[in-house]
Amino acid sequence: MIDAKAELGEGPCWDAERGRLLWVDIEGFNLHVFDPETGRNDTYHIGQYVSAVVPYQGDEVLVTLAEGFHRLNLANGELIKLVDPEQKKPRNRFNDGKCDPAGRFWAGTMSLDGVQGEGALYCLEPDGRLRMMLDGVSTSNGLGWSLDAATMYYIDTPTRRVDQFDYNLDKGNLAHRRPVIRLTEEMGYPDGMTMDAEGMLWIAEWGGGRVGRWNPSTGQLMSVIELPADQVTSCCFGGAELDELYITTARSGLSAERLEETPLAGALFRVKPGVKGLLSTPYGYAPGTDLQK
Ligand code: CA
C-alpha cells in the first residue's frame, strides 16, 4: 500500500515490459510510477488534469489531459499534443481511458460542472486517427473487453450500469448497446473496472468503499474486496504473475470529518484476490508481439 493521499487517484495501468504500475492523481495534476521491486513511487507533476495513462515506446507514455491526447516523455518531461477533440468545450475534461487488445487508446470525457450528457467517448487509432464513438455521455468511466475481444464493456457512471456492446476488434467498432450489470442504490457508483483471466469484471465503487467481482454473463455480484476508503476509483491487475490487483482511491468529495475517520483515503492498494488478470495493452500494440519480456 502506498499512502499517497491522492486527491483523485485513478487510472492504474500495468506496464509489463518495465514491471511497473502507471497511475494518476487527476485532481492533484500528478502522474505516478510505482516500482514494486524497489517500492519506489515516482511522481511527475503535470500541472493540469491528467486522467489516464498507457505505456507507449521507449521513455514515452500516452496521457489524456484536459486538452486531449498527448505523448509524454518521462525521462525529459517533453509533452507533445496529438489531438484535442473538445477544444470548443473548455468546461469538459478527459476522464478514464484504456487500450483495447489491438492497442487503440479509448478515452472519454465529462463536464467539470456536472452537466449531464456533455461528454463523449473517443478512440485514438495507432496511426493517430481519432474517432468519436459515443456522444451524450455524462461521466465516461470504466472500459473493458471480453477474453475473445468480441464484447466491450463500458461505464457511464451516473447510469449505475455497465453496458456491453458487440465489438469488432479488426475495425474497432461498437454495435448493439445493452445493459448487463446494474448497481443498486445501496451500492456505490460504478467507476473504473478491469477484466480478469476468467472473464469476470472487477468494478470499483465510488462511495461504496469496495471493489466487486461481477459475472457479466449473469449480471451477478460474486465477491467483494472491502477497502478502508469510501471513494474507490479503479483497479488493474499487475505483478510478474498478474495475480495482484492494484486499486486506486480518492480523498475528493469527502468531508474533513470523514477524512479523519479514513486516513488511507487516496492510497494505492494492492491485494491478491486469488485470480489472475489480463495484461494491459500498450498504445500502438501490434498483435502477436510478446508483451511480457
Ligand atoms: Ca474514474
# chains A, B, ... in the order shown; residues from 1 in each chain; ligands from 1
call {"tool": "residues_near_ligand", "arguments": {"ligand": "ligand 1", "cutoff": "8 Å", "atoms": "only C-alpha atoms and all ligand atoms", "output": "list in words"}}
result
Glu10, Gly11, Asn95, Asp96, Ser140, Asn141, Gly142, Asp191, Gly192, Thr233 and Ser234 of chain A
call {"tool": "residues_around", "arguments": {"residues": "Met110 in chain A", "least_positions_apart": "6", "cutoff": "9 Å", "atoms": "only C-alpha atoms", "output": "ChimeraX atom specification"}}
result
/A:91-95,116-120,137-140
call {"tool": "closest_residue", "arguments": {"among": "A:Leu62, A:Ile203, A:Gln87, A:Ala75", "to": "Ser223 in chain A", "atoms": "only C-alpha atoms"}}
result
A:Ile203
call {"tool": "closest_residue", "arguments": {"among": "A:Pro90, A:Gly108, A:Gly212, A:Ile46", "to": "Glu67 in chain A", "atoms": "only C-alpha atoms"}}
result
A:Pro90
call {"tool": "select_by_dssp", "arguments": {"residues": "range 169-247 of chain A", "states": "strand (DSSP E or B)", "output": "number ranges by chain"}}
result
A: 173-182, 189-196, 201-206, 210-215, 220-226, 231-238, 244-247
call {"tool": "residues_around", "arguments": {"residues": "Ile2 in chain A", "least_positions_apart": "5", "cutoff": "7 Å", "atoms": "only C-alpha atoms", "output": "ChimeraX atom specification"}}
result
/A:267-269
call {"tool": "residues_around", "arguments": {"residues": "Leu254 in chain A", "least_positions_apart": "3", "cutoff": "9 Å", "atoms": "only C-alpha atoms", "output": "PyMOL selection string"}}
result
chain A and resi 230-231+250-251+257-259+265
call {"tool": "closest_residue", "arguments": {"among": "A:Pro158, A:Gly19, A:Gly68, A:Gly199", "to": "Thr184 in chain A", "atoms": "only C-alpha atoms"}}
result
A:Pro158
call {"tool": "closest_residue", "arguments": {"among": "A:Thr218, A:Asn173, A:Thr262, A:Gln57", "to": "Gly284 in chain A", "atoms": "only C-alpha atoms"}}
result
A:Gln57
call {"tool": "atom_distance", "arguments": {"atom1": "CA of Thr109 in chain A", "atom2": "CA of Ser255 in chain A"}}
result
25.9 Å
call {"tool": "residues_around", "arguments": {"residues": "Gly238 in chain A", "least_positions_apart": "4", "cutoff": "6 Å", "atoms": "only C-alpha atoms", "output": "count of residues only"}}
result
3
call {"tool": "residues_around", "arguments": {"residues": "Arg20 in chain A", "least_positions_apart": "2", "cutoff": "9 Å", "atoms": "only C-alpha atoms", "output": "list of chain:residue names"}}
result
A:Cys13, A:Trp14, A:Asp15, A:Ala16, A:Glu17, A:Arg18, A:Leu22, A:Val33, A:Phe34, A:Asp35, A:Pro36, A:Glu37, A:Gly238, A:Gly239
call {"tool": "residues_around", "arguments": {"residues": "Leu278 in chain A", "least_positions_apart": "3", "cutoff": "9 Å", "atoms": "only C-alpha atoms", "output": "PyMOL selection string"}}
result
chain A and resi 147+194-197+236-238+242+281
call {"tool": "write_last_selection", "arguments": {"atoms": "C-alpha atoms", "output": "PDB file, in the first residue's frame"}}
result
ATOM      1  CA  LEU A 147     -11.457 -12.546 -23.350  1.00  0.00           C
ATOM      2  CA  THR A 194     -10.856  -4.372 -15.179  1.00  0.00           C
ATOM      3  CA  MET A 195     -11.308  -7.833 -16.650  1.00  0.00           C
ATOM      4  CA  ASP A 196      -9.776 -10.940 -15.050  1.00  0.00           C
ATOM      5  CA  ALA A 197      -8.454 -14.061 -16.768  1.00  0.00           C
ATOM      6  CA  CYS A 236      -5.947  -3.173 -12.605  1.00  0.00           C
ATOM      7  CA  PHE A 237      -4.034  -6.455 -12.383  1.00  0.00           C
ATOM      8  CA  GLY A 238      -0.268  -6.331 -12.206  1.00  0.00           C
ATOM      9  CA  LEU A 242      -0.613 -10.767 -12.948  1.00  0.00           C
ATOM     10  CA  THR A 281      -2.207  -3.336 -23.706  1.00  0.00           C
TER      11      THR A 281
END
call {"tool": "closest_residue", "arguments": {"among": "A:Cys99, A:Ile26, A:Leu82, A:Ala204", "to": "Leu169 in chain A", "atoms": "only C-alpha atoms"}}
result
A:Cys99
call {"tool": "closest_residue", "arguments": {"among": "A:Val24, A:Val63, A:Leu183, A:Leu72", "to": "Trp206 in chain A", "atoms": "only C-alpha atoms"}}
result
A:Leu183
